[in-house]
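Data block below; observations after.
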There are 2 protein chains.
Amino acid sequence: MPRTLKIAAAQMGPIHLTSKREDTIQRMLTLLTSASKLGAQLVLFPETALTTFFPRHLITSPEELESYFDSASTITTAPNTKPLFDEAQKLGIDISVGFAERDTDGQGYNTCVYYSAKKAKVIAKYRKVHLPGTKEPFENPDAVNQLEKRYFTPGNLGFQAFRAPDLVPGAAKKGAEVKAGTGDPILGMMICNDRRWAEGWRCYGLQGVEIVLCGYNTAGFAPDLWGTRKPMTPEEAEIDAVFHHKLVMQGNSYMNSCFSVSAAKAGMEDGKYDLIGGSCITSPEGHVLAEAKTKDDEIVFAEIDLEDCRQGKEKTFDFVRHRRIDQYGPITTQTGVVEPEYL
Amino acid sequence: MPRTLKIAAAQMGPIHLTSKREDTIQRMLTLLTSASKLGAQLVLFPETALTTFFPRHLITSPEELESYFDSASTITTAPNTKPLFDEAQKLGIDISVGFAERDTDGQGYNTCVYYSAKKAKVIAKYRKVHLPGTKEPFENPDAVNQLEKRYFTPGNLGFQAFRAPDLVPGAAKKGAEVKAGTGDPILGMMICNDRRWAEGWRCYGLQGVEIVLCGYNTAGFAPDLWGTRKPMTPEEAEIDAVFHHKLVMQGNSYMNSCFSVSAAKAGMEDGKYDLIGGSCITSPEGHVLAEAKTKDDEIVFAEIDLEDCRQGKEKTFDFVRHRRIDQYGPITTQTGVVEPEYL
């Protein structure tokens, strides 16, 4: 029996240091309206969707830094974010939104939440596990900093999949038959760099995930501080960055028999920091079903059938029949590289 | 400093039930000669390179079944395989060869060995971990069986990377500076279906692997016994199978910053069992550097620079800085799917 669902990525064009929150929220409302006209039931917004990608800047003023952070506990009620969730609820669209989270204990996280329109509340939260970049700024003044390790603590909530209530009309509920292929959709969230790490995907795959959501801010070009890269023009570098983005979305969707939705913050922030576009929706067979055509605000939309996950989950990637966890030890016992001896 | 290396996949066309071993070996010698003329220093042969892909048949005669198996301990000395290794040694080419292994304890494994021409011996052995298919034949008489789980025991040697002695002239040796980027090449072997499982790749990545070798026999089309697949013509199914093959070779090479070489047994075995081609060499950035043009015996060749692995290994995929093993628990503690509760 088909379990069709209309899903969308809400790609966002640049947000600048000088952008006002109310303007950003207004753009997000406009995107929601566009998605709603297409019949979208689920819309993914990018990583740090509410602000510019501030980790590229060394911010020394505590007040300025705090202006980029929001609280997860008040995200649906604070005046400068409430209109987004209210509109989602009104339109009956579930949304996932990324933002810099300041926890009550003072820690910063690169976070996204999943808001259920039917439940009128946040039902899941994810904190980015794979923080790229460095704690200290580069000495090279030409370098574009990536200070996520400075501003954020690595995510501590694991990769917790969850069911999205009532997204598929008539789907079986808890207590009834809730195996994959019959129940409410099983979703998982990751953020940006996480998509390059097969471990997160597999943790979701091991929960029968049917759709992985991934917002991102990915630089199109940065100087080669390592001196290890072949010379590239900025244009070539951007093409390669989009290629890598799609490659990992396609490959990991295939290897975990799930759909994926990815939403970029794209374009030139602050007039000089280029972010790739390439927001896309991929199938459990690893194909790109829909893809952004611009680097601006744009809805990427597809109607999918969750039933398409079954072929992979029950055959090639039937984990219980084929996985051999006794052979995978180093993945969870060893963080870095240990090179082999000569045999 | 460049660490260039000339590597090749020796794709093989079909081998039939009626094919004679001496003819198969002769074809492999011809492929070796071709590779040698290109200057190849390392040549990969397919999975079960010495026989037809016999696990598609239900073989009830013990004598017949044994005729498809070889012993790893005598592979370089038995009269029906020795000429291949002798020629490799004479030409100074390292080779990796897949075959059905009968162990001294009676167990069968889907195995490959790595023969070092300089050492004039097998220096590494790998046994396929991810055996596809079933133990019992399908009841549907139209089905093409895949009885690897019947004939083979899952590999019990893990994913053990190794250094290939003297492949790169002047490379540092054990006891000297042997970090990735300076020593003899670090290699890892996997077989066919293993390439679809990110776990094996990561186990190799955690040993700093620079080249992953993967021989395969992959069906272009099989009836949809599960009833879960969209209708496809055999031609469409084969295109999709090649797409999946390249997707996982490219994606996992990128995510582990390594080259890969994959070698198919290709074409129509026994006049009716179609195997895909698509043997290829991929780069640490996930690009296809060279690719088979036929489904017959064919050398796929590339000159690579192992230095190209450094950018990924030292930056985006610097495991020790970015991996978070405390968040990966389920990968090694949970074999099959455990679906989430409602949050």
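Residue names in the structure tokens use chain letters A, B, ... in the order shown, residue numbers from 1 in each chain, and ligand numbers from 1 in the order shown.
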Contacts of A:Ile186 within 8 Å, only C-alpha atoms, excl. fewer than 6 positions in-chain, as a PyMOL selection string: (chain A and resi 161-164+180+208-211) or (chain B and resi 340)
Output the selection as a PDB file, in the first residue's frame - N, CA and C atoms for each residue.
```
ATOM      1  N   ALA A 161      16.363   8.625  15.950  1.00  0.00           N
ATOM      2  CA  ALA A 161      15.265   8.682  14.985  1.00  0.00           C
ATOM      3  C   ALA A 161      13.936   8.813  15.723  1.00  0.00           C
ATOM      4  N   PHE A 162      12.920   9.213  14.992  1.00  0.00           N
ATOM      5  CA  PHE A 162      11.617   9.405  15.632  1.00  0.00           C
ATOM      6  C   PHE A 162      10.521   9.262  14.576  1.00  0.00           C
ATOM      7  N   ARG A 163       9.329   8.974  15.037  1.00  0.00           N
ATOM      8  CA  ARG A 163       8.184   8.915  14.129  1.00  0.00           C
ATOM      9  C   ARG A 163       7.466  10.260  14.106  1.00  0.00           C
ATOM     10  N   ALA A 164       7.064  10.667  12.894  1.00  0.00           N
ATOM     11  CA  ALA A 164       6.360  11.940  12.737  1.00  0.00           C
ATOM     12  C   ALA A 164       4.855  11.656  12.728  1.00  0.00           C
ATOM     13  N   ALA A 180       8.382  -0.747   9.827  1.00  0.00           N
ATOM     14  CA  ALA A 180       8.646   0.090   8.651  1.00  0.00           C
ATOM     15  C   ALA A 180       7.797  -0.427   7.510  1.00  0.00           C
ATOM     16  N   GLY A 208      15.671   2.010  11.196  1.00  0.00           N
ATOM     17  CA  GLY A 208      14.710   1.902  10.103  1.00  0.00           C
ATOM     18  C   GLY A 208      14.337   3.235   9.470  1.00  0.00           C
ATOM     19  N   VAL A 209      15.258   4.190   9.526  1.00  0.00           N
ATOM     20  CA  VAL A 209      14.930   5.545   9.056  1.00  0.00           C
ATOM     21  C   VAL A 209      14.421   5.523   7.614  1.00  0.00           C
ATOM     22  N   GLU A 210      13.424   6.346   7.353  1.00  0.00           N
ATOM     23  CA  GLU A 210      12.856   6.447   6.007  1.00  0.00           C
ATOM     24  C   GLU A 210      13.181   7.775   5.325  1.00  0.00           C
ATOM     25  N   ILE A 211      13.366   8.826   6.111  1.00  0.00           N
ATOM     26  CA  ILE A 211      13.785  10.118   5.552  1.00  0.00           C
ATOM     27  C   ILE A 211      14.824  10.739   6.476  1.00  0.00           C
TER      28      ILE A 211
ATOM     29  N   PRO B 340      12.234   3.193  16.346  1.00  0.00           N
ATOM     30  CA  PRO B 340      12.097   4.115  17.486  1.00  0.00           C
ATOM     31  C   PRO B 340      10.690   4.136  18.046  1.00  0.00           C
TER      32      PRO B 340
END
```
Spatial neighbours of A:Asp326, 10 Å, only C-alpha atoms, chain gap at least 5 places, as a ChimeraX atom specification: /B:156,158,332-333,335
Let me see the file: selected residues, C-alpha atoms, as a PDB file, in the first residue's frame.
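This went into selection-v9.pdb:
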```
ATOM      1  CA  ASN B 156      36.573 -14.026  10.084  1.00  0.00           C
ATOM      2  CA  GLY B 158      38.260  -8.594   9.836  1.00  0.00           C
ATOM      3  CA  THR B 332      28.782  -2.376  16.869  1.00  0.00           C
ATOM      4  CA  THR B 333      26.205  -3.395  19.468  1.00  0.00           C
ATOM      5  CA  THR B 335      22.957  -5.969  14.151  1.00  0.00           C
TER       6      THR B 335
END
```
Shell of 8 Å around stretch 301-305 of chain A, only C-alpha atoms, local chain residues under 3 positions omitted, as JSON, numbers by chain: {"A": [2, 3, 4, 5, 6, 7, 8, 9, 35, 38, 40, 281, 289, 290, 308]}
Save the residues we just selected, all heavy atoms, as an mmCIF file, in the first residue's frame?
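Final file, result.cif:
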```cif
data_model
loop_
_atom_site.group_PDB
_atom_site.id
_atom_site.type_symbol
_atom_site.label_atom_id
_atom_site.label_comp_id
_atom_site.auth_asym_id
_atom_site.auth_seq_id
_atom_site.Cartn_x
_atom_site.Cartn_y
_atom_site.Cartn_z
ATOM 1 N N PRO A 2 0.638 2.168 -0.910
ATOM 2 C CA PRO A 2 1.492 3.368 -0.990
ATOM 3 C C PRO A 2 1.403 4.203 0.278
ATOM 4 O O PRO A 2 0.339 4.260 0.911
ATOM 5 C CB PRO A 2 0.917 4.143 -2.181
ATOM 6 C CG PRO A 2 0.029 3.203 -2.910
ATOM 7 C CD PRO A 2 -0.431 2.189 -1.914
ATOM 8 N N ARG A 3 2.495 4.802 0.620
ATOM 9 C CA ARG A 3 2.531 5.750 1.744
ATOM 10 C C ARG A 3 3.147 7.031 1.201
ATOM 11 O O ARG A 3 4.301 7.325 1.447
ATOM 12 C CB ARG A 3 3.344 5.183 2.900
ATOM 13 C CG ARG A 3 2.699 3.938 3.532
ATOM 14 C CD ARG A 3 3.710 3.149 4.325
ATOM 15 N NE ARG A 3 4.121 3.854 5.525
ATOM 16 C CZ ARG A 3 5.388 3.964 5.913
ATOM 17 N NH1 ARG A 3 6.360 3.447 5.197
ATOM 18 N NH2 ARG A 3 5.688 4.609 7.010
ATOM 19 N N THR A 4 2.367 7.758 0.441
ATOM 20 C CA THR A 4 2.914 8.924 -0.245
ATOM 21 C C THR A 4 2.983 10.130 0.678
ATOM 22 O O THR A 4 2.194 10.267 1.619
ATOM 23 C CB THR A 4 2.071 9.290 -1.483
ATOM 24 O OG1 THR A 4 0.728 9.495 -1.071
ATOM 25 C CG2 THR A 4 2.123 8.169 -2.504
ATOM 26 N N LEU A 5 3.915 10.983 0.356
ATOM 27 C CA LEU A 5 4.214 12.127 1.216
ATOM 28 C C LEU A 5 4.822 13.203 0.333
ATOM 29 O O LEU A 5 5.630 12.909 -0.541
ATOM 30 C CB LEU A 5 5.226 11.666 2.274
ATOM 31 C CG LEU A 5 5.526 12.562 3.456
ATOM 32 C CD1 LEU A 5 4.270 12.804 4.291
ATOM 33 C CD2 LEU A 5 6.600 11.908 4.314
ATOM 34 N N LYS A 6 4.406 14.445 0.549
ATOM 35 C CA LYS A 6 4.964 15.574 -0.201
ATOM 36 C C LYS A 6 5.942 16.325 0.695
ATOM 37 O O LYS A 6 5.542 16.825 1.757
ATOM 38 C CB LYS A 6 3.833 16.482 -0.685
ATOM 39 C CG LYS A 6 2.943 15.786 -1.716
ATOM 40 C CD LYS A 6 1.728 16.608 -2.092
ATOM 41 C CE LYS A 6 0.909 15.852 -3.145
ATOM 42 N NZ LYS A 6 -0.401 16.496 -3.402
ATOM 43 N N ILE A 7 7.181 16.357 0.264
ATOM 44 C CA ILE A 7 8.238 16.921 1.110
ATOM 45 C C ILE A 7 9.001 17.991 0.347
ATOM 46 O O ILE A 7 9.033 17.989 -0.897
ATOM 47 C CB ILE A 7 9.215 15.832 1.603
ATOM 48 C CG1 ILE A 7 9.877 15.101 0.423
ATOM 49 C CG2 ILE A 7 8.486 14.835 2.487
ATOM 50 C CD1 ILE A 7 10.881 14.046 0.853
ATOM 51 N N ALA A 8 9.619 18.891 1.095
ATOM 52 C CA ALA A 8 10.339 19.992 0.444
ATOM 53 C C ALA A 8 11.547 20.425 1.251
ATOM 54 O O ALA A 8 11.557 20.353 2.478
ATOM 55 C CB ALA A 8 9.399 21.187 0.260
ATOM 56 N N ALA A 9 12.565 20.864 0.515
ATOM 57 C CA ALA A 9 13.668 21.603 1.112
ATOM 58 C C ALA A 9 13.413 23.083 0.849
ATOM 59 O O ALA A 9 13.092 23.462 -0.278
ATOM 60 C CB ALA A 9 14.990 21.183 0.474
ATOM 61 N N ALA A 35 5.698 26.432 -0.398
ATOM 62 C CA ALA A 35 5.663 24.983 -0.190
ATOM 63 C C ALA A 35 4.233 24.510 0.026
ATOM 64 O O ALA A 35 3.824 23.456 -0.481
ATOM 65 C CB ALA A 35 6.545 24.605 0.996
ATOM 66 N N LEU A 38 2.251 23.943 -3.016
ATOM 67 C CA LEU A 38 2.584 22.680 -3.686
ATOM 68 C C LEU A 38 2.020 21.479 -2.938
ATOM 69 O O LEU A 38 2.137 20.340 -3.402
ATOM 70 C CB LEU A 38 4.112 22.529 -3.804
ATOM 71 C CG LEU A 38 4.821 23.557 -4.696
ATOM 72 C CD1 LEU A 38 6.325 23.498 -4.473
ATOM 73 C CD2 LEU A 38 4.483 23.318 -6.169
ATOM 74 N N ALA A 40 3.033 20.651 0.201
ATOM 75 C CA ALA A 40 4.074 20.055 1.054
ATOM 76 C C ALA A 40 3.546 19.785 2.459
ATOM 77 O O ALA A 40 2.828 20.604 3.033
ATOM 78 C CB ALA A 40 5.286 20.977 1.120
ATOM 79 N N ILE A 281 16.604 16.333 -3.029
ATOM 80 C CA ILE A 281 15.875 15.214 -2.429
ATOM 81 C C ILE A 281 16.357 13.963 -3.144
ATOM 82 O O ILE A 281 16.368 13.911 -4.373
ATOM 83 C CB ILE A 281 14.353 15.399 -2.590
ATOM 84 C CG1 ILE A 281 13.921 16.682 -1.843
ATOM 85 C CG2 ILE A 281 13.584 14.175 -2.080
ATOM 86 C CD1 ILE A 281 12.476 17.079 -2.076
ATOM 87 N N LEU A 289 15.997 13.115 -6.922
ATOM 88 C CA LEU A 289 14.615 13.268 -7.403
ATOM 89 C C LEU A 289 14.294 14.722 -7.733
ATOM 90 O O LEU A 289 13.462 14.998 -8.595
ATOM 91 C CB LEU A 289 13.634 12.776 -6.339
ATOM 92 C CG LEU A 289 13.783 11.313 -5.901
ATOM 93 C CD1 LEU A 289 12.805 11.000 -4.771
ATOM 94 C CD2 LEU A 289 13.562 10.373 -7.083
ATOM 95 N N ALA A 290 14.910 15.649 -7.014
ATOM 96 C CA ALA A 290 14.661 17.073 -7.243
ATOM 97 C C ALA A 290 15.872 17.832 -6.721
ATOM 98 O O ALA A 290 16.536 17.373 -5.787
ATOM 99 C CB ALA A 290 13.403 17.528 -6.511
ATOM 100 N N ASP A 308 8.945 2.827 -1.208
ATOM 101 C CA ASP A 308 10.166 2.617 -1.992
ATOM 102 C C ASP A 308 11.374 2.267 -1.130
ATOM 103 O O ASP A 308 12.407 1.833 -1.652
ATOM 104 C CB ASP A 308 10.484 3.864 -2.830
ATOM 105 C CG ASP A 308 9.447 4.106 -3.920
ATOM 106 O OD1 ASP A 308 8.633 3.200 -4.183
ATOM 107 O OD2 ASP A 308 9.453 5.207 -4.509
#
```
Nearest candidate to B:Ile93 (options B:Ser34, B:Gln41, B:Ser71, B:Lys118; using only C-alpha atoms):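 Residue with the minimum atom-to-atom distance to B:Ile93: B:Gln41.
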Contacts of stretch 200-207 of chain A at 7 Å (only C-alpha atoms; same-chain gap of 3+ positions) as number ranges by chain: A: 159, 161, 188, 194, 197, 252, 256; B: 328, 330-331, 336-340
Using only C-alpha atoms: which of B:Arg195, B:Arg127, B:Lys313, B:His245 has the shortest distance to B:Cys280: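 Closest to B:Cys280, using only C-alpha atoms: B:His245.
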Atom-to-atom span, atom CA of B:Ser257 and atom CA of A:Thr134, Å: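 It comes out at 19.9 Å.
Residues in contact with A:Thr294 at up to 10 Å, not including ones fewer than 6 positions away on its chain and judged by only C-alpha atoms, are Gln11, Met12, Gly13, Ala266, Gly267, Ile276, Gly277, Gly278 and Ser279 of chain A.
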Secondary structure check, alpha helix (DSSP H) residues of stretch 9-247 of chain A, as a PyMOL selection string: chain A and resi 21-37+62-66+82-91+148-151+198-205+234-247
Minimum-distance residue to chain A, chosen among B:Pro137, B:Gly183, B:Gly106, B:Gly271 (using only C-alpha atoms): B:Gly183
Exercise: stretch 27-31 of chain B partners within 9 Å, only C-alpha atoms, chain neighbours under 3 positions left out, as a list of chain:residue names: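 Near stretch 27-31 of chain B, the qualifying residues are B:Ala10, B:Gln11, B:Met12, B:Glu22, B:Asp23, B:Thr24, B:Ser34, B:Ala35, B:Ser36, B:Phe45, B:Ala49, B:Pro83, B:Leu84, B:Glu87, B:Ala88, B:Asp297, B:Glu298, B:Ile299.
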Generate a file of the selected residues that holds all heavy atoms, formatted as a short mmCIF file (atom, residue, chain, number, x, y, z; two decimals), in the first residue's frame.
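Written out: out09.cif:
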```
data_model
loop_
_atom_site.label_atom_id
_atom_site.label_comp_id
_atom_site.auth_asym_id
_atom_site.auth_seq_id
_atom_site.Cartn_x
_atom_site.Cartn_y
_atom_site.Cartn_z
N ALA B 10 41.96 -5.75 -13.75
CA ALA B 10 41.88 -6.71 -14.86
C ALA B 10 40.45 -7.24 -14.89
O ALA B 10 40.14 -8.25 -14.24
CB ALA B 10 42.89 -7.83 -14.68
N GLN B 11 39.58 -6.53 -15.59
CA GLN B 11 38.21 -7.03 -15.74
C GLN B 11 38.25 -8.30 -16.57
O GLN B 11 39.01 -8.41 -17.53
CB GLN B 11 37.33 -5.97 -16.40
CG GLN B 11 35.90 -6.43 -16.63
CD GLN B 11 35.00 -5.32 -17.15
OE1 GLN B 11 34.67 -4.39 -16.41
NE2 GLN B 11 34.63 -5.41 -18.43
N MET B 12 37.41 -9.26 -16.20
CA MET B 12 37.33 -10.50 -16.97
C MET B 12 35.93 -10.70 -17.53
O MET B 12 34.94 -10.47 -16.82
CB MET B 12 37.73 -11.69 -16.09
CG MET B 12 39.18 -11.62 -15.61
SD MET B 12 39.65 -12.99 -14.51
CE MET B 12 39.68 -14.36 -15.66
N GLU B 22 42.71 -24.08 -17.32
CA GLU B 22 43.92 -23.64 -18.04
C GLU B 22 43.62 -22.49 -19.01
O GLU B 22 44.43 -21.60 -19.21
CB GLU B 22 44.58 -24.82 -18.77
CG GLU B 22 43.71 -25.43 -19.85
CD GLU B 22 43.88 -26.95 -20.00
OE1 GLU B 22 43.70 -27.65 -18.98
OE2 GLU B 22 44.19 -27.41 -21.09
N ASP B 23 42.40 -22.51 -19.57
CA ASP B 23 42.03 -21.41 -20.47
C ASP B 23 41.82 -20.11 -19.68
O ASP B 23 42.19 -19.03 -20.13
CB ASP B 23 40.73 -21.74 -21.22
CG ASP B 23 40.91 -22.94 -22.15
OD1 ASP B 23 42.07 -23.22 -22.53
OD2 ASP B 23 39.90 -23.60 -22.47
N THR B 24 41.22 -20.26 -18.50
CA THR B 24 40.99 -19.08 -17.65
C THR B 24 42.34 -18.47 -17.24
O THR B 24 42.53 -17.25 -17.31
CB THR B 24 40.17 -19.48 -16.41
OG1 THR B 24 38.93 -20.06 -16.86
CG2 THR B 24 39.88 -18.28 -15.53
N SER B 34 49.17 -7.39 -20.88
CA SER B 34 48.67 -6.08 -21.30
C SER B 34 48.94 -5.03 -20.24
O SER B 34 49.36 -3.90 -20.54
CB SER B 34 47.16 -6.14 -21.55
OG SER B 34 46.85 -7.08 -22.53
N ALA B 35 48.69 -5.39 -19.00
CA ALA B 35 48.91 -4.44 -17.90
C ALA B 35 50.38 -4.09 -17.79
O ALA B 35 50.75 -2.93 -17.54
CB ALA B 35 48.40 -5.03 -16.59
N SER B 36 51.22 -5.09 -18.00
CA SER B 36 52.67 -4.87 -17.91
C SER B 36 53.14 -3.89 -18.97
O SER B 36 53.99 -3.03 -18.71
CB SER B 36 53.39 -6.21 -18.06
OG SER B 36 54.78 -6.02 -18.05
N PHE B 45 42.50 -8.68 -9.94
CA PHE B 45 41.58 -9.57 -10.64
C PHE B 45 40.26 -9.67 -9.87
O PHE B 45 40.21 -9.33 -8.69
CB PHE B 45 42.22 -10.96 -10.80
CG PHE B 45 43.34 -10.99 -11.80
CD1 PHE B 45 44.68 -10.88 -11.39
CD2 PHE B 45 43.08 -11.10 -13.17
CE1 PHE B 45 45.71 -10.90 -12.31
CE2 PHE B 45 44.13 -11.11 -14.10
CZ PHE B 45 45.44 -11.01 -13.67
N ALA B 49 37.81 -15.34 -9.50
CA ALA B 49 38.36 -15.08 -10.84
C ALA B 49 38.68 -16.37 -11.59
O ALA B 49 38.83 -16.35 -12.81
CB ALA B 49 39.62 -14.23 -10.73
N PRO B 83 51.05 -20.83 -12.57
CA PRO B 83 51.56 -20.00 -13.68
C PRO B 83 51.21 -18.52 -13.53
O PRO B 83 51.98 -17.65 -13.96
CB PRO B 83 50.87 -20.61 -14.91
CG PRO B 83 50.57 -22.02 -14.53
CD PRO B 83 50.26 -21.98 -13.07
N LEU B 84 50.06 -18.23 -12.93
CA LEU B 84 49.64 -16.83 -12.76
C LEU B 84 50.60 -16.09 -11.84
O LEU B 84 51.05 -14.97 -12.14
CB LEU B 84 48.22 -16.80 -12.19
CG LEU B 84 47.65 -15.42 -11.87
CD1 LEU B 84 47.49 -14.59 -13.15
CD2 LEU B 84 46.31 -15.56 -11.15
N GLU B 87 54.11 -15.69 -13.30
CA GLU B 87 54.20 -14.62 -14.29
C GLU B 87 54.21 -13.24 -13.61
O GLU B 87 54.95 -12.34 -14.02
CB GLU B 87 53.01 -14.73 -15.27
CG GLU B 87 53.05 -13.74 -16.41
CD GLU B 87 54.16 -14.02 -17.44
OE1 GLU B 87 54.81 -15.09 -17.35
OE2 GLU B 87 54.36 -13.16 -18.31
N ALA B 88 53.38 -13.09 -12.58
CA ALA B 88 53.35 -11.83 -11.84
C ALA B 88 54.73 -11.53 -11.27
O ALA B 88 55.24 -10.41 -11.36
CB ALA B 88 52.31 -11.90 -10.73
N ASP B 297 37.21 -9.24 -21.24
CA ASP B 297 38.54 -9.08 -20.67
C ASP B 297 39.07 -7.71 -21.07
O ASP B 297 39.11 -7.37 -22.26
CB ASP B 297 39.49 -10.17 -21.23
CG ASP B 297 39.14 -11.57 -20.72
OD1 ASP B 297 38.08 -11.74 -20.08
OD2 ASP B 297 39.93 -12.50 -20.98
N GLU B 298 39.47 -6.91 -20.09
CA GLU B 298 39.89 -5.54 -20.38
C GLU B 298 40.71 -5.00 -19.21
O GLU B 298 40.35 -5.20 -18.05
CB GLU B 298 38.65 -4.65 -20.59
CG GLU B 298 38.97 -3.18 -20.82
CD GLU B 298 37.73 -2.30 -20.97
OE1 GLU B 298 36.61 -2.84 -21.10
OE2 GLU B 298 37.90 -1.06 -20.95
N ILE B 299 41.78 -4.32 -19.54
CA ILE B 299 42.57 -3.64 -18.51
C ILE B 299 42.07 -2.21 -18.33
O ILE B 299 41.95 -1.46 -19.29
CB ILE B 299 44.07 -3.63 -18.89
CG1 ILE B 299 44.64 -5.05 -18.84
CG2 ILE B 299 44.86 -2.69 -17.98
CD1 ILE B 299 44.70 -5.66 -17.44
#
```
